[in-house]
file query-v8.json (JSON, C-alpha atoms)
[["chain", "number", "residue", "atom", "x", "y", "z"],
["A", 1, "MET", "CA", 61.41, 87.91, 129.25],
["A", 2, "SER", "CA", 64.19, 88.75, 131.72],
["A", 3, "LEU", "CA", 66.46, 91.76, 131.38],
["A", 4, "THR", "CA", 69.36, 89.43, 130.65],
["A", 5, "SER", "CA", 67.44, 87.79, 127.81],
["A", 6, "VAL", "CA", 66.56, 91.17, 126.32],
["A", 7, "LEU", "CA", 70.19, 92.28, 126.45],
["A", 8, "LEU", "CA", 71.32, 89.04, 124.83],
["A", 9, "LEU", "CA", 68.73, 89.46, 122.09],
["A", 10, "ILE", "CA", 69.87, 93.03, 121.42],
["A", 11, "LEU", "CA", 73.50, 91.91, 121.27],
["A", 12, "ALA", "CA", 72.58, 89.09, 118.89],
["A", 13, "LEU", "CA", 70.73, 91.51, 116.60],
["A", 14, "LEU", "CA", 73.65, 93.95, 116.64],
["A", 15, "ALA", "CA", 76.08, 91.14, 115.83],
["A", 16, "ALA", "CA", 73.88, 89.99, 112.96],
["A", 17, "ALA", "CA", 73.66, 93.55, 111.60],
["A", 18, "LEU", "CA", 77.42, 94.00, 111.80],
["A", 19, "LEU", "CA", 77.99, 90.67, 110.08],
["A", 20, "ALA", "CA", 75.61, 91.68, 107.30],
["A", 21, "LEU", "CA", 77.49, 94.96, 106.84],
["A", 22, "VAL", "CA", 80.86, 93.17, 106.78],
["A", 23, "LEU", "CA", 79.64, 90.72, 104.14],
["A", 24, "ARG", "CA", 78.12, 93.51, 102.05],
["A", 25, "THR", "CA", 81.36, 95.46, 102.31],
["A", 26, "ARG", "CA", 83.43, 92.48, 101.15],
["A", 27, "ALA", "CA", 81.13, 91.86, 98.21],
["A", 28, "LEU", "CA", 81.26, 95.50, 97.08],
["A", 29, "ALA", "CA", 85.03, 95.61, 97.48],
["A", 30, "ALA", "CA", 85.52, 92.47, 95.40],
["A", 31, "GLN", "CA", 83.22, 93.85, 92.72],
["A", 32, "ALA", "CA", 85.15, 97.15, 92.68],
["A", 33, "GLU", "CA", 88.47, 95.40, 92.12],
["A", 34, "ARG", "CA", 86.98, 93.43, 89.24],
["A", 35, "GLN", "CA", 85.65, 96.63, 87.69],
["A", 36, "VAL", "CA", 88.89, 98.57, 88.21],
["A", 37, "PRO", "CA", 91.91, 96.22, 88.18],
["A", 38, "GLN", "CA", 95.47, 97.24, 88.92],
["A", 39, "LEU", "CA", 96.95, 99.06, 85.92],
["A", 40, "GLY", "CA", 100.64, 99.35, 86.75],
["A", 41, "GLU", "CA", 103.36, 98.00, 88.97],
["A", 42, "ILE", "CA", 103.89, 98.23, 92.72],
["A", 43, "VAL", "CA", 107.08, 99.94, 93.90],
["A", 44, "PRO", "CA", 108.12, 99.14, 97.51],
["A", 45, "VAL", "CA", 109.21, 102.17, 99.55],
["A", 46, "PRO", "CA", 109.94, 102.67, 103.25],
["A", 47, "GLY", "CA", 106.56, 102.70, 104.96],
["A", 48, "GLY", "CA", 104.57, 100.96, 102.24],
["A", 49, "ALA", "CA", 104.38, 100.52, 98.48],
["A", 50, "ILE", "CA", 103.20, 102.75, 95.63],
["A", 51, "HIS", "CA", 101.19, 101.79, 92.55],
["A", 52, "VAL", "CA", 102.73, 103.48, 89.50],
["A", 53, "VAL", "CA", 101.68, 103.74, 85.84],
["A", 54, "GLU", "CA", 104.10, 105.21, 83.29],
["A", 55, "MET", "CA", 103.32, 106.55, 79.84],
["A", 56, "GLY", "CA", 105.44, 108.25, 77.19],
["A", 57, "PRO", "CA", 109.14, 108.08, 76.25],
["A", 58, "GLU", "CA", 111.62, 107.48, 79.07],
["A", 59, "ASP", "CA", 113.94, 110.22, 77.80],
["A", 60, "ALA", "CA", 111.20, 112.90, 77.84],
["A", 61, "PRO", "CA", 110.89, 115.42, 80.71],
["A", 62, "PRO", "CA", 109.31, 113.65, 83.70],
["A", 63, "LEU", "CA", 105.82, 114.69, 84.77],
["A", 64, "VAL", "CA", 104.41, 113.30, 88.05],
["A", 65, "LEU", "CA", 100.62, 113.26, 88.54],
["A", 66, "ILE", "CA", 99.34, 113.27, 92.16],
["A", 67, "HIS", "CA", 95.58, 112.82, 92.74],
["A", 68, "GLY", "CA", 93.35, 114.19, 95.46],
["A", 69, "LEU", "CA", 91.31, 113.03, 98.46],
["A", 70, "SER", "CA", 89.38, 109.78, 97.95],
["A", 71, "GLY", "CA", 90.90, 109.50, 94.48],
["A", 72, "GLN", "CA", 93.24, 107.28, 92.52],
["A", 73, "LEU", "CA", 95.53, 107.58, 89.50],
["A", 74, "GLN", "CA", 92.66, 106.82, 87.10],
["A", 75, "HIS", "CA", 91.51, 110.41, 87.62],
["A", 76, "PHE", "CA", 94.47, 111.24, 85.40],
["A", 77, "THR", "CA", 94.56, 108.23, 83.09],
["A", 78, "TYR", "CA", 90.87, 108.90, 82.31],
["A", 79, "ALA", "CA", 91.99, 111.47, 79.71],
["A", 80, "LEU", "CA", 94.68, 113.89, 80.85],
["A", 81, "ALA", "CA", 97.68, 111.55, 80.96],
["A", 82, "GLY", "CA", 97.17, 110.42, 77.38],
["A", 83, "LEU", "CA", 97.12, 114.02, 76.15],
["A", 84, "LEU", "CA", 100.57, 114.60, 77.66],
["A", 85, "ALA", "CA", 102.28, 111.27, 77.00],
["A", 86, "GLY", "CA", 103.61, 112.37, 73.62],
["A", 87, "GLU", "CA", 105.63, 115.19, 75.21],
["A", 88, "PHE", "CA", 106.46, 113.96, 78.71],
["A", 89, "ARG", "CA", 107.45, 110.86, 80.62],
["A", 90, "VAL", "CA", 104.18, 110.70, 82.54],
["A", 91, "ILE", "CA", 104.25, 109.06, 85.97],
["A", 92, "ALA", "CA", 100.77, 108.65, 87.45],
["A", 93, "LEU", "CA", 100.60, 107.14, 90.93],
["A", 94, "ASP", "CA", 98.21, 106.23, 93.68],
["A", 95, "ARG", "CA", 99.07, 108.25, 96.76],
["A", 96, "PRO", "CA", 100.14, 106.18, 99.79],
["A", 97, "GLY", "CA", 97.16, 104.17, 101.05],
["A", 98, "CYS", "CA", 94.98, 104.99, 98.03],
["A", 99, "GLY", "CA", 93.97, 102.88, 95.03],
["A", 100, "TYR", "CA", 96.41, 99.98, 94.88],
["A", 101, "SER", "CA", 99.09, 101.69, 96.97],
["A", 102, "ARG", "CA", 99.71, 100.78, 100.60],
["A", 103, "ARG", "CA", 101.01, 102.51, 103.70],
["A", 104, "ASP", "CA", 101.99, 100.71, 106.87],
["A", 105, "SER", "CA", 100.58, 103.27, 109.32],
["A", 106, "ASP", "CA", 98.09, 106.12, 109.42],
["A", 107, "ASP", "CA", 101.01, 108.19, 110.72],
["A", 108, "PHE", "CA", 102.23, 108.29, 107.11],
["A", 109, "ALA", "CA", 99.13, 110.25, 106.05],
["A", 110, "SER", "CA", 100.71, 113.60, 106.93],
["A", 111, "LEU", "CA", 101.75, 115.75, 103.98],
["A", 112, "PRO", "CA", 105.52, 115.45, 104.64],
["A", 113, "GLU", "CA", 105.29, 111.65, 104.93],
["A", 114, "GLN", "CA", 103.26, 111.28, 101.73],
["A", 115, "ALA", "CA", 105.78, 113.50, 99.95],
["A", 116, "ARG", "CA", 108.65, 111.43, 101.35],
["A", 117, "MET", "CA", 107.13, 108.19, 100.07],
["A", 118, "ILE", "CA", 106.48, 109.62, 96.61],
["A", 119, "GLY", "CA", 110.02, 110.99, 96.54],
["A", 120, "ALA", "CA", 111.31, 107.50, 97.34],
["A", 121, "VAL", "CA", 109.47, 106.17, 94.27],
["A", 122, "LEU", "CA", 111.08, 108.81, 92.07],
["A", 123, "ASP", "CA", 114.51, 107.97, 93.47],
["A", 124, "ALA", "CA", 113.94, 104.25, 92.97],
["A", 125, "ARG", "CA", 113.06, 104.83, 89.31],
["A", 126, "GLY", "CA", 115.87, 107.29, 88.67],
["A", 127, "ILE", "CA", 113.52, 110.20, 87.99],
["A", 128, "GLY", "CA", 115.31, 113.50, 88.50],
["A", 129, "LYS", "CA", 114.02, 117.09, 88.34],
["A", 130, "PRO", "CA", 110.36, 116.20, 87.70],
["A", 131, "MET", "CA", 107.49, 118.57, 87.10],
["A", 132, "LEU", "CA", 104.68, 117.97, 89.61],
["A", 133, "VAL", "CA", 100.97, 118.10, 88.84],
["A", 134, "GLY", "CA", 98.75, 117.91, 91.92],
["A", 135, "HIS", "CA", 94.96, 117.92, 92.02],
["A", 136, "SER", "CA", 93.06, 118.92, 95.18],
["A", 137, "LEU", "CA", 94.82, 117.29, 98.17],
["A", 138, "GLY", "CA", 97.45, 116.15, 95.68],
["A", 139, "GLY", "CA", 98.34, 119.83, 95.27],
["A", 140, "ALA", "CA", 99.22, 120.03, 98.95],
["A", 141, "VAL", "CA", 101.34, 116.88, 98.60],
["A", 142, "ALA", "CA", 103.09, 118.34, 95.53],
["A", 143, "LEU", "CA", 103.89, 121.49, 97.50],
["A", 144, "ALA", "CA", 105.23, 119.37, 100.38],
["A", 145, "LEU", "CA", 107.53, 117.56, 97.95],
["A", 146, "ALA", "CA", 108.73, 120.85, 96.46],
["A", 147, "LEU", "CA", 109.57, 122.11, 99.95],
["A", 148, "GLN", "CA", 111.39, 118.88, 100.79],
["A", 149, "ARG", "CA", 113.45, 119.03, 97.60],
["A", 150, "PRO", "CA", 114.39, 122.65, 96.92],
["A", 151, "GLY", "CA", 115.99, 123.08, 93.52],
["A", 152, "GLN", "CA", 115.02, 119.54, 92.50],
["A", 153, "ILE", "CA", 111.49, 120.20, 91.18],
["A", 154, "ALA", "CA", 111.34, 121.60, 87.66],
["A", 155, "ALA", "CA", 107.91, 123.21, 87.89],
["A", 156, "LEU", "CA", 104.50, 123.02, 89.56],
["A", 157, "ALA", "CA", 101.10, 122.82, 87.86],
["A", 158, "LEU", "CA", 98.45, 122.69, 90.58],
["A", 159, "LEU", "CA", 94.87, 121.87, 89.58],
["A", 160, "ALA", "CA", 92.18, 123.04, 92.03],
["A", 161, "PRO", "CA", 94.70, 122.46, 94.83],
["A", 162, "LEU", "CA", 94.42, 122.53, 98.59],
["A", 163, "THR", "CA", 97.15, 124.99, 99.60],
["A", 164, "HIS", "CA", 96.02, 126.58, 102.88],
["A", 165, "PRO", "CA", 94.21, 125.36, 106.01],
["A", 166, "VAL", "CA", 90.42, 125.32, 105.85],
["A", 167, "ALA", "CA", 88.56, 126.21, 109.03],
["A", 168, "GLU", "CA", 86.06, 123.43, 108.44],
["A", 169, "PRO", "CA", 86.09, 120.75, 105.74],
["A", 170, "PRO", "CA", 83.22, 120.76, 103.23],
["A", 171, "ALA", "CA", 80.09, 119.01, 104.51],
["A", 172, "LEU", "CA", 80.71, 116.29, 101.94],
["A", 173, "PHE", "CA", 83.84, 115.16, 103.80],
["A", 174, "ARG", "CA", 82.86, 115.63, 107.44],
["A", 175, "GLY", "CA", 82.04, 111.94, 107.78],
["A", 176, "LEU", "CA", 85.77, 111.31, 107.36],
["A", 177, "LEU", "CA", 86.60, 113.21, 110.56],
["A", 178, "VAL", "CA", 87.51, 110.13, 112.59],
["A", 179, "THR", "CA", 90.66, 110.59, 114.66],
["A", 180, "SER", "CA", 90.90, 107.07, 116.15],
["A", 181, "PRO", "CA", 92.67, 104.58, 113.84],
["A", 182, "GLY", "CA", 90.73, 101.70, 115.44],
["A", 183, "LEU", "CA", 87.34, 103.33, 115.00],
["A", 184, "ARG", "CA", 88.33, 104.33, 111.47],
["A", 185, "ARG", "CA", 88.87, 100.66, 110.62],
["A", 186, "LEU", "CA", 85.67, 99.52, 112.31],
["A", 187, "ILE", "CA", 83.64, 102.00, 110.28],
["A", 188, "GLY", "CA", 85.58, 101.17, 107.12],
["A", 189, "HIS", "CA", 84.84, 97.45, 107.36],
["A", 190, "THR", "CA", 81.17, 97.83, 108.29],
["A", 191, "LEU", "CA", 79.17, 100.96, 107.54],
["A", 192, "ALA", "CA", 81.27, 103.19, 105.26],
["A", 193, "VAL", "CA", 81.25, 101.14, 102.05],
["A", 194, "PRO", "CA", 77.51, 100.29, 101.92],
["A", 195, "LEU", "CA", 76.73, 103.93, 102.73],
["A", 196, "ALA", "CA", 79.11, 105.21, 100.04],
["A", 197, "HIS", "CA", 77.55, 102.86, 97.50],
["A", 198, "ALA", "CA", 74.02, 103.93, 98.41],
["A", 199, "THR", "CA", 74.81, 107.67, 98.18],
["A", 200, "ARG", "CA", 77.18, 107.55, 95.19],
["A", 201, "ASP", "CA", 75.00, 109.53, 92.77],
["A", 202, "ARG", "CA", 74.42, 112.39, 95.18],
["A", 203, "VAL", "CA", 78.07, 112.54, 96.21],
["A", 204, "LEU", "CA", 79.31, 112.58, 92.62],
["A", 205, "ALA", "CA", 76.84, 115.32, 91.75],
["A", 206, "GLU", "CA", 78.19, 117.45, 94.61],
["A", 207, "VAL", "CA", 81.85, 116.81, 93.80],
["A", 208, "PHE", "CA", 81.44, 117.58, 90.08],
["A", 209, "ALA", "CA", 79.02, 120.53, 90.40],
["A", 210, "PRO", "CA", 78.21, 122.61, 88.43],
["A", 211, "GLU", "CA", 79.29, 120.08, 85.77],
["A", 212, "PRO", "CA", 77.76, 116.62, 85.34],
["A", 213, "ALA", "CA", 79.74, 113.59, 86.45],
["A", 214, "PRO", "CA", 80.65, 111.39, 83.46],
["A", 215, "GLY", "CA", 78.65, 108.20, 83.21],
["A", 216, "ASP", "CA", 81.78, 106.03, 83.22],
["A", 217, "PHE", "CA", 83.42, 107.67, 86.23],
["A", 218, "LEU", "CA", 83.09, 104.61, 88.46],
["A", 219, "THR", "CA", 84.90, 102.38, 85.98],
["A", 220, "ARG", "CA", 87.13, 104.33, 83.61],
["A", 221, "ALA", "CA", 88.05, 106.94, 86.26],
["A", 222, "GLY", "CA", 88.38, 104.33, 89.01],
["A", 223, "GLY", "CA", 85.62, 105.70, 91.24],
["A", 224, "ALA", "CA", 84.45, 102.19, 92.15],
["A", 225, "LEU", "CA", 87.66, 101.71, 94.15],
["A", 226, "GLY", "CA", 86.05, 103.99, 96.72],
["A", 227, "PHE", "CA", 83.78, 101.06, 97.60],
["A", 228, "ARG", "CA", 86.51, 99.33, 99.62],
["A", 229, "PRO", "CA", 87.33, 99.59, 103.34],
["A", 230, "GLN", "CA", 90.84, 100.86, 102.66],
["A", 231, "ALA", "CA", 89.42, 103.78, 100.66],
["A", 232, "PHE", "CA", 87.52, 105.11, 103.67],
["A", 233, "ILE", "CA", 90.43, 104.41, 106.02],
["A", 234, "ALA", "CA", 92.93, 106.20, 103.77],
["A", 235, "ALA", "CA", 90.65, 109.18, 103.10],
["A", 236, "SER", "CA", 89.90, 109.65, 106.79],
["A", 237, "ALA", "CA", 93.59, 109.48, 107.71],
["A", 238, "ASP", "CA", 94.43, 111.84, 104.82],
["A", 239, "LEU", "CA", 91.91, 114.42, 106.01],
["A", 240, "ILE", "CA", 93.19, 114.33, 109.58],
["A", 241, "GLY", "CA", 96.80, 114.26, 108.38],
["A", 242, "GLN", "CA", 96.49, 117.38, 106.26],
["A", 243, "MET", "CA", 94.62, 119.24, 108.99],
["A", 244, "ARG", "CA", 97.52, 118.60, 111.33],
["A", 245, "SER", "CA", 100.39, 119.29, 108.91],
["A", 246, "LEU", "CA", 99.13, 121.95, 106.48],
["A", 247, "PRO", "CA", 99.40, 124.99, 108.80],
["A", 248, "ALA", "CA", 103.16, 124.49, 109.24],
["A", 249, "GLN", "CA", 103.56, 123.81, 105.51],
["A", 250, "ALA", "CA", 101.70, 126.96, 104.46],
["A", 251, "ALA", "CA", 103.97, 129.04, 106.70],
["A", 252, "ARG", "CA", 106.92, 127.88, 104.56],
["A", 253, "TYR", "CA", 105.66, 128.81, 101.10],
["A", 254, "GLY", "CA", 108.11, 131.69, 100.98],
["A", 255, "GLU", "CA", 110.82, 129.01, 100.57],
["A", 256, "LEU", "CA", 109.36, 127.63, 97.33],
["A", 257, "GLN", "CA", 111.81, 127.68, 94.45],
["A", 258, "ALA", "CA", 109.89, 125.87, 91.70],
["A", 259, "PRO", "CA", 108.10, 128.04, 89.12],
["A", 260, "GLY", "CA", 104.59, 127.29, 87.96],
["A", 261, "GLY", "CA", 100.99, 128.10, 88.64],
["A", 262, "VAL", "CA", 97.52, 127.22, 89.87],
["A", 263, "LEU", "CA", 94.44, 126.47, 87.75],
["A", 264, "PHE", "CA", 90.94, 126.44, 89.26],
["A", 265, "GLY", "CA", 87.44, 125.92, 88.00],
["A", 266, "ALA", "CA", 85.82, 129.30, 88.65],
["A", 267, "GLU", "CA", 82.72, 127.61, 90.11],
["A", 268, "ASP", "CA", 84.56, 125.12, 92.32],
["A", 269, "PRO", "CA", 82.19, 124.13, 95.18],
["A", 270, "VAL", "CA", 84.81, 122.18, 97.13],
["A", 271, "LEU", "CA", 87.76, 124.57, 97.50],
["A", 272, "SER", "CA", 87.83, 128.35, 97.21],
["A", 273, "PRO", "CA", 89.68, 129.54, 94.09],
["A", 274, "GLN", "CA", 90.60, 132.78, 95.86],
["A", 275, "ALA", "CA", 91.71, 131.38, 99.22],
["A", 276, "GLN", "CA", 93.48, 128.33, 97.77],
["A", 277, "GLY", "CA", 94.57, 129.59, 94.34],
["A", 278, "ALA", "CA", 94.92, 133.36, 94.12],
["A", 279, "ALA", "CA", 96.69, 133.32, 97.49],
["A", 280, "MET", "CA", 99.64, 131.48, 95.90],
["A", 281, "GLN", "CA", 100.44, 134.49, 93.72],
["A", 282, "ALA", "CA", 102.18, 135.94, 96.77],
["A", 283, "HIS", "CA", 104.62, 133.02, 96.52],
["A", 284, "GLY", "CA", 105.45, 133.38, 92.82],
["A", 285, "LEU", "CA", 102.84, 131.08, 91.26],
["A", 286, "ALA", "CA", 100.53, 132.18, 88.46],
["A", 287, "PHE", "CA", 96.77, 131.91, 88.96],
["A", 288, "GLU", "CA", 94.14, 131.15, 86.32],
["A", 289, "THR", "CA", 90.50, 130.08, 86.30],
["A", 290, "LEU", "CA", 88.24, 128.20, 83.89],
["A", 291, "PRO", "CA", 84.78, 129.82, 83.65],
["A", 292, "GLY", "CA", 81.87, 127.51, 84.39],
["A", 293, "ARG", "CA", 84.06, 124.67, 85.61],
["A", 294, "GLY", "CA", 84.02, 122.93, 88.99],
["A", 295, "HIS", "CA", 86.45, 120.95, 91.11],
["A", 296, "MET", "CA", 87.07, 117.88, 88.94],
["A", 297, "ILE", "CA", 88.80, 119.64, 86.04],
["A", 298, "PRO", "CA", 91.33, 116.83, 85.32],
["A", 299, "VAL", "CA", 88.30, 114.74, 84.32],
["A", 300, "THR", "CA", 85.93, 117.37, 82.92],
["A", 301, "ALA", "CA", 88.43, 119.72, 81.23],
["A", 302, "PRO", "CA", 91.48, 117.60, 80.31],
["A", 303, "GLU", "CA", 92.41, 119.65, 77.24],
["A", 304, "ALA", "CA", 92.43, 122.91, 79.21],
["A", 305, "CYS", "CA", 94.46, 121.25, 81.98],
["A", 306, "ALA", "CA", 96.94, 119.83, 79.46],
["A", 307, "ASP", "CA", 97.39, 123.27, 77.89],
["A", 308, "PHE", "CA", 97.96, 124.79, 81.34],
["A", 309, "ILE", "CA", 100.53, 122.11, 82.22],
["A", 310, "ARG", "CA", 102.43, 122.73, 78.98],
["A", 311, "ARG", "CA", 102.55, 126.45, 79.69],
["A", 312, "MET", "CA", 103.76, 125.89, 83.25],
["A", 313, "ALA", "CA", 106.38, 123.44, 81.94],
["A", 314, "ALA", "CA", 107.73, 126.21, 79.72],
["A", 315, "ARG", "CA", 108.59, 128.12, 82.91],
["A", 316, "ARG", "CA", 110.87, 125.44, 84.29],
["A", 317, "GLY", "CA", 114.42, 126.46, 84.96]]
call {"tool": "encode", "arguments": {"input": "query-v8.json", "output": "structure tokens"}}
result
Amino acid sequence: MSLTSVLLLILALLAAALLALVLRTRALAAQAERQVPQLGEIVPVPGGAIHVVEMGPEDAPPLVLIHGLSGQLQHFTYALAGLLAGEFRVIALDRPGCGYSRRDSDDFASLPEQARMIGAVLDARGIGKPMLVGHSLGGAVALALALQRPGQIAALALLAPLTHPVAEPPALFRGLLVTSPGLRRLIGHTLAVPLAHATRDRVLAEVFAPEPAPGDFLTRAGGALGFRPQAFIAASADLIGQMRSLPAQAARYGELQAPGGVLFGAEDPVLSPQAQGAAMQAHGLAFETLPGRGHMIPVTAPEACADFIRRMAARRG
């Protein structure tokens, strides 16, 4: 067999493997959307559109729930939102690019741009002086929004938030470190989804440690939506976006005007309670921990989170 024939055979095999991955990805994505359908309405904003679910009376104090990396609003509707809907106008949303939201460019993955797009949703719906609840990366987005709108945020309740730059992301997320938008999409439409599906049990165990992941997390908490190309693309862009924008944001925390606090699981394996939580005491935010709890406290400890949110709401000006 000639060298040319060998090269052609290798190329044919690679093409067949890529095609198989693309087809597997499409099948898993379609299955995910059947398992976790769109819950709310889509609100167009400059740069994309945001998926929003509202609960509770319209005349109650507004409470905006912002989820974390590789998440979606079902992390809150799983249990926490329902506990608060009797007292607040609860607005749960998919961050730009996540869940059923859309963003037109990876450039909008930076913290200020995500905050701008969420702020545009609030303006479009006439929601003034909201309280912000942010989990994990959503905490960084909530802080970005508070800095963009001084005096316009009633309070902050940050749950296991990212607040300061991390020298190196946790090993669990290093596969998201793809800086090229084109390569990000190639991986998203071929390898990322089958790999995520194959390793789902191990990944969930690491994210929830030391607590067990609930058996219905993929459906009721929306985790299956991670088995779509756009989930990998958005998470990768989010990780790069926060790495580039968080240092400048953290330098501005002295400007924060909103009262509130930070709640961490004391055994959080993903983010350091001291470096990310206790450090915010220097900027006027309270700091509390839940013994024996991990990173996913909106899902595993909704009652404790709801109690914390109520107490932080009582601080609003």
call {"tool": "residues_around", "arguments": {"input": "query-v8.json", "residues": "Cys305 in chain A", "least_positions_apart": "6", "cutoff": "8 Å", "atoms": "only C-alpha atoms", "output": "list of chain:residue names"}}
result
A:Leu80, A:Leu159, A:Leu263, A:Ile297, A:Pro298
call {"tool": "closest_residue", "arguments": {"input": "query-v8.json", "among": "A:Glu33, A:Glu168, A:Asp238, A:Asp216", "to": "Asp107 in chain A", "atoms": "all atoms listed in the file"}}
result
A:Asp238
call {"tool": "closest_residue", "arguments": {"input": "query-v8.json", "among": "A:Arg184, A:Arg228, A:Arg89, A:Arg293", "to": "Pro273 in chain A", "atoms": "all atoms listed in the file"}}
result
A:Arg293
call {"tool": "closest_residue", "arguments": {"input": "query-v8.json", "among": "A:Ala278, A:Ala234, A:Val203, A:Ala196", "to": "Leu158 in chain A", "atoms": "only C-alpha atoms"}}
result
A:Ala278
call {"tool": "residues_near_point", "arguments": {"input": "query-v8.json", "point": "(92.9, 118.1, 108.9)", "cutoff": "12 Å", "atoms": "all atoms listed in the file", "output": "PDB file with C-alpha atoms, in the coordinates of the input"}}
result
ATOM      1  CA  LEU A  69      91.310 113.030  98.460  1.00  0.00           C
ATOM      2  CA  ALA A 109      99.130 110.250 106.050  1.00  0.00           C
ATOM      3  CA  SER A 110     100.710 113.600 106.930  1.00  0.00           C
ATOM      4  CA  LEU A 111     101.750 115.750 103.980  1.00  0.00           C
ATOM      5  CA  LEU A 137      94.820 117.290  98.170  1.00  0.00           C
ATOM      6  CA  ALA A 140      99.220 120.030  98.950  1.00  0.00           C
ATOM      7  CA  LEU A 162      94.420 122.530  98.590  1.00  0.00           C
ATOM      8  CA  HIS A 164      96.020 126.580 102.880  1.00  0.00           C
ATOM      9  CA  PRO A 165      94.210 125.360 106.010  1.00  0.00           C
ATOM     10  CA  VAL A 166      90.420 125.320 105.850  1.00  0.00           C
ATOM     11  CA  ALA A 167      88.560 126.210 109.030  1.00  0.00           C
ATOM     12  CA  GLU A 168      86.060 123.430 108.440  1.00  0.00           C
ATOM     13  CA  PRO A 169      86.090 120.750 105.740  1.00  0.00           C
ATOM     14  CA  PRO A 170      83.220 120.760 103.230  1.00  0.00           C
ATOM     15  CA  PHE A 173      83.840 115.160 103.800  1.00  0.00           C
ATOM     16  CA  ARG A 174      82.860 115.630 107.440  1.00  0.00           C
ATOM     17  CA  LEU A 176      85.770 111.310 107.360  1.00  0.00           C
ATOM     18  CA  LEU A 177      86.600 113.210 110.560  1.00  0.00           C
ATOM     19  CA  VAL A 178      87.510 110.130 112.590  1.00  0.00           C
ATOM     20  CA  THR A 179      90.660 110.590 114.660  1.00  0.00           C
ATOM     21  CA  ALA A 235      90.650 109.180 103.100  1.00  0.00           C
ATOM     22  CA  SER A 236      89.900 109.650 106.790  1.00  0.00           C
ATOM     23  CA  ALA A 237      93.590 109.480 107.710  1.00  0.00           C
ATOM     24  CA  ASP A 238      94.430 111.840 104.820  1.00  0.00           C
ATOM     25  CA  LEU A 239      91.910 114.420 106.010  1.00  0.00           C
ATOM     26  CA  ILE A 240      93.190 114.330 109.580  1.00  0.00           C
ATOM     27  CA  GLY A 241      96.800 114.260 108.380  1.00  0.00           C
ATOM     28  CA  GLN A 242      96.490 117.380 106.260  1.00  0.00           C
ATOM     29  CA  MET A 243      94.620 119.240 108.990  1.00  0.00           C
ATOM     30  CA  ARG A 244      97.520 118.600 111.330  1.00  0.00           C
ATOM     31  CA  SER A 245     100.390 119.290 108.910  1.00  0.00           C
ATOM     32  CA  LEU A 246      99.130 121.950 106.480  1.00  0.00           C
ATOM     33  CA  PRO A 247      99.400 124.990 108.800  1.00  0.00           C
TER      34      PRO A 247
END
call {"tool": "closest_residue", "arguments": {"input": "query-v8.json", "among": "A:Gly99, A:Tyr78, A:Val133, A:Arg316", "to": "Ala224 in chain A", "atoms": "all atoms listed in the file"}}
result
A:Gly99
